[in-house]
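Chemist: Pasting in a structure now, in structure tokens, and then I'll have a few things to ask.
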Amino acid sequence: MRKNSIKIVFIGDAKVGKTSIIKNSLNSDFFEEKNSNSDESLLNPISIANENYFNSKVLILIDTSSKPEKMNATMNEIRNCDCVMLVYDMDNETTQTNLSKIWLPLVNQTNSGIPIVLIGNKLDLVIHDEDKYVKSKVRRVITHNFKNYKVV
């Protein structure tokens with residue numbers, strides 16, 4: 001039986017911009033939400049249907065909570081998805097540390113082998129006097145957290 005949807009789950013620490021990324025992907029205007037980490041601000045699943053893209057499949061974007069009491073719901077979404085978007089804040093070392101401390105183990109435990117896309121968000125907030133600084137920071141995050149993963 002042919003599956004007619006592609007389910008993508010966004011995970012990561014609180015305030016890394018998961019909800020904003022989803023909202024901005026639906027609309028070309030930059031969306032900024034100041035107090036965006038309450039459960040009330042989580043988006044309902046968003047379905048995007050376009051016969052010209054995704055081989056006529058429906059793309060479903062899932063916003064998740066990072067709250068410990070919501071982790072079972074997040075794990076359930078990971079278990080039933082086709083791809084995980086792992087989001088971190090490029091200007092926040094804790095969110096980078098939590099990639100290997102919390103999020104990668106959670107994905108591996110829940111749905112091992114699922115494709116993972118790493119999204120370094122909030123680049124506009126990083127003080128980047130030189131392009132080299134930003135590139136080295138990204139390289140450090142990738143080499144530290146993804147050394148056992150295949151890059152495609």
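Simple scheme: letters A, B, ... for chains in structure tokens order, numbers from 1 for residues in each chain, numbers from 1 for ligands in the order shown.
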Tell me, as a PDB file with C-alpha atoms, in the first residue's frame, which residues lie within 12 Å of Asn111 in chain A, counting only C-alpha atoms; anything in the same chain fewer than 5 positions away does not count.
Modeler:
```pdb
ATOM      1  CA  VAL A   9       8.787  16.174  13.201  1.00  0.00           C
ATOM      2  CA  THR A  74       7.308  13.726  21.387  1.00  0.00           C
ATOM      3  CA  MET A  75       8.609  10.137  21.318  1.00  0.00           C
ATOM      4  CA  ASN A  76       5.334   8.971  19.781  1.00  0.00           C
ATOM      5  CA  GLU A  77       5.674  11.570  17.011  1.00  0.00           C
ATOM      6  CA  ILE A  78       9.300  10.504  16.374  1.00  0.00           C
ATOM      7  CA  ARG A  79       8.272   6.838  16.306  1.00  0.00           C
ATOM      8  CA  ASN A  80       5.706   7.535  13.565  1.00  0.00           C
ATOM      9  CA  CYS A  81       7.576  10.029  11.382  1.00  0.00           C
ATOM     10  CA  ASP A  82       9.569   9.873   8.158  1.00  0.00           C
ATOM     11  CA  CYS A  83      12.182  12.476   9.097  1.00  0.00           C
ATOM     12  CA  VAL A  84      13.315  14.445  12.155  1.00  0.00           C
ATOM     13  CA  TRP A 103      17.947  14.715  21.404  1.00  0.00           C
ATOM     14  CA  LEU A 104      20.137  12.301  19.446  1.00  0.00           C
ATOM     15  CA  PRO A 105      19.804   9.556  22.099  1.00  0.00           C
ATOM     16  CA  LEU A 106      16.034  10.118  22.109  1.00  0.00           C
ATOM     17  CA  ILE A 116      17.845  13.534  10.739  1.00  0.00           C
TER      18      ILE A 116
END
```
Chemist: Using CA of Thr19 in chain A and CA of Tyr88 in chain A as the two end points, give the distance in Å to one decimal.
Modeler: 12.4 Å
Chemist: When you look at Ile22 in chain A with a cut-off of 9 Å (counting only C-alpha atoms), what residues show up, excluding the ones that are within fewer than 3 positions of it in the same chain? I need them as a CSV table (one decimal) with N, CA and C atoms, in the first residue's frame.
Modeler:
```csv
chain,number,residue,atom,x,y,z
A,10,PHE,N,9.6,18.2,14.1
A,10,PHE,CA,10.6,19.2,14.6
A,10,PHE,C,10.8,19.0,16.1
A,17,GLY,N,13.3,27.9,18.2
A,17,GLY,CA,12.7,28.4,17.0
A,17,GLY,C,12.0,27.4,16.2
A,18,LYS,N,11.6,26.2,16.7
A,18,LYS,CA,10.9,25.2,16.0
A,18,LYS,C,9.6,25.7,15.4
A,19,THR,N,8.8,26.4,16.2
A,19,THR,CA,7.5,26.9,15.7
A,19,THR,C,7.7,28.0,14.7
A,25,SER,N,8.1,28.6,7.0
A,25,SER,CA,8.1,27.8,5.8
A,25,SER,C,6.8,27.9,5.1
A,26,LEU,N,5.8,28.3,5.7
A,26,LEU,CA,4.5,28.4,5.1
A,26,LEU,C,4.2,29.8,4.4
A,43,LEU,N,2.0,24.5,17.4
A,43,LEU,CA,1.1,24.4,16.2
A,43,LEU,C,0.4,23.1,16.2
A,46,ILE,N,0.4,20.6,10.6
A,46,ILE,CA,0.2,21.4,9.4
A,46,ILE,C,0.4,20.5,8.2
A,61,LEU,N,3.9,18.7,8.8
A,61,LEU,CA,4.9,19.2,9.7
A,61,LEU,C,4.3,19.2,11.1
A,62,ILE,N,5.1,18.6,12.0
A,62,ILE,CA,4.7,18.4,13.4
A,62,ILE,C,5.6,19.2,14.4
A,63,ASP,N,5.0,20.1,15.1
A,63,ASP,CA,5.7,20.9,16.1
A,63,ASP,C,5.6,20.1,17.5
```
Chemist: Enter the distance from CA of Asn24 in chain A to CA of Ala73 in chain A, in Å, rounded to one decimal.
Modeler: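 Interatomic distance, CA of Asn24 in chain A to CA of Ala73 in chain A: 23.9 Å.
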Chemist: Calculate how many Å separate CA of Lys101 in chain A from CA of Ile11 in chain A, rounding to one decimal.
Modeler: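 Those two atoms sit 13.6 Å apart.
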Chemist: Hey, what's within 9 Å of range 93-95 of chain A if we count only C-alpha atoms and toss same-chain stuff fewer than 6 positions away? As a PyMOL selection string, please?
Modeler: chain A and resi 12-14+16+87
Chemist: Quick one: write out the picked residues with all heavy atoms as a CSV table (one decimal), in the first residue's frame?
Modeler:
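And here is the file that came out, part-v4.csv:
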```
chain,number,residue,atom,x,y,z
A,12,GLY,N,13.8,19.7,19.6
A,12,GLY,CA,14.9,20.5,20.1
A,12,GLY,C,14.5,21.2,21.4
A,12,GLY,O,13.3,21.1,21.8
A,13,ASP,N,15.4,21.8,22.0
A,13,ASP,CA,15.2,22.5,23.2
A,13,ASP,C,14.1,23.6,23.1
A,13,ASP,O,13.8,24.0,22.0
A,13,ASP,CB,16.5,23.2,23.7
A,13,ASP,CG,17.5,22.2,24.3
A,13,ASP,OD1,17.2,21.0,24.4
A,13,ASP,OD2,18.5,22.7,24.8
A,14,ALA,N,13.6,24.1,24.2
A,14,ALA,CA,12.7,25.2,24.2
A,14,ALA,C,13.4,26.5,23.6
A,14,ALA,O,14.6,26.7,23.8
A,14,ALA,CB,12.3,25.5,25.7
A,16,VAL,N,14.3,27.4,20.7
A,16,VAL,CA,15.3,27.3,19.6
A,16,VAL,C,14.7,27.8,18.2
A,16,VAL,O,15.4,28.0,17.3
A,16,VAL,CB,15.9,25.9,19.4
A,16,VAL,CG1,16.7,25.5,20.6
A,16,VAL,CG2,14.9,24.8,19.1
A,87,VAL,N,16.5,20.9,15.8
A,87,VAL,CA,16.8,22.3,15.8
A,87,VAL,C,17.6,22.7,17.0
A,87,VAL,O,17.3,22.3,18.1
A,87,VAL,CB,15.5,23.1,15.7
A,87,VAL,CG1,15.7,24.6,15.6
A,87,VAL,CG2,14.6,22.6,14.6
```
Chemist: Which is closer to Lys23 in chain A than all the others in A:Pro45, A:Gly113, A:Pro68, A:Gly120, using only C-alpha atoms?
Modeler: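 Looking only at the distances to Lys23 in chain A, the closest residue turns out to be A:Pro45.
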Chemist: Go through A:Lys15, A:Lys122, A:Lys7, A:Lys70 and flag the residue nearest Ile48 in chain A, using only C-alpha atoms for the distances.
Modeler: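 Checking each candidate against Ile48 in chain A, we get A:Lys7 as the closest.
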Chemist: Nearest to Val107 in chain A among A:Ser20, A:Ser47, A:Asn121, A:Met85, with distances taken over only C-alpha atoms: which residue is it?
Modeler: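 Of the candidates, the smallest distance to Val107 in chain A is held by A:Met85.
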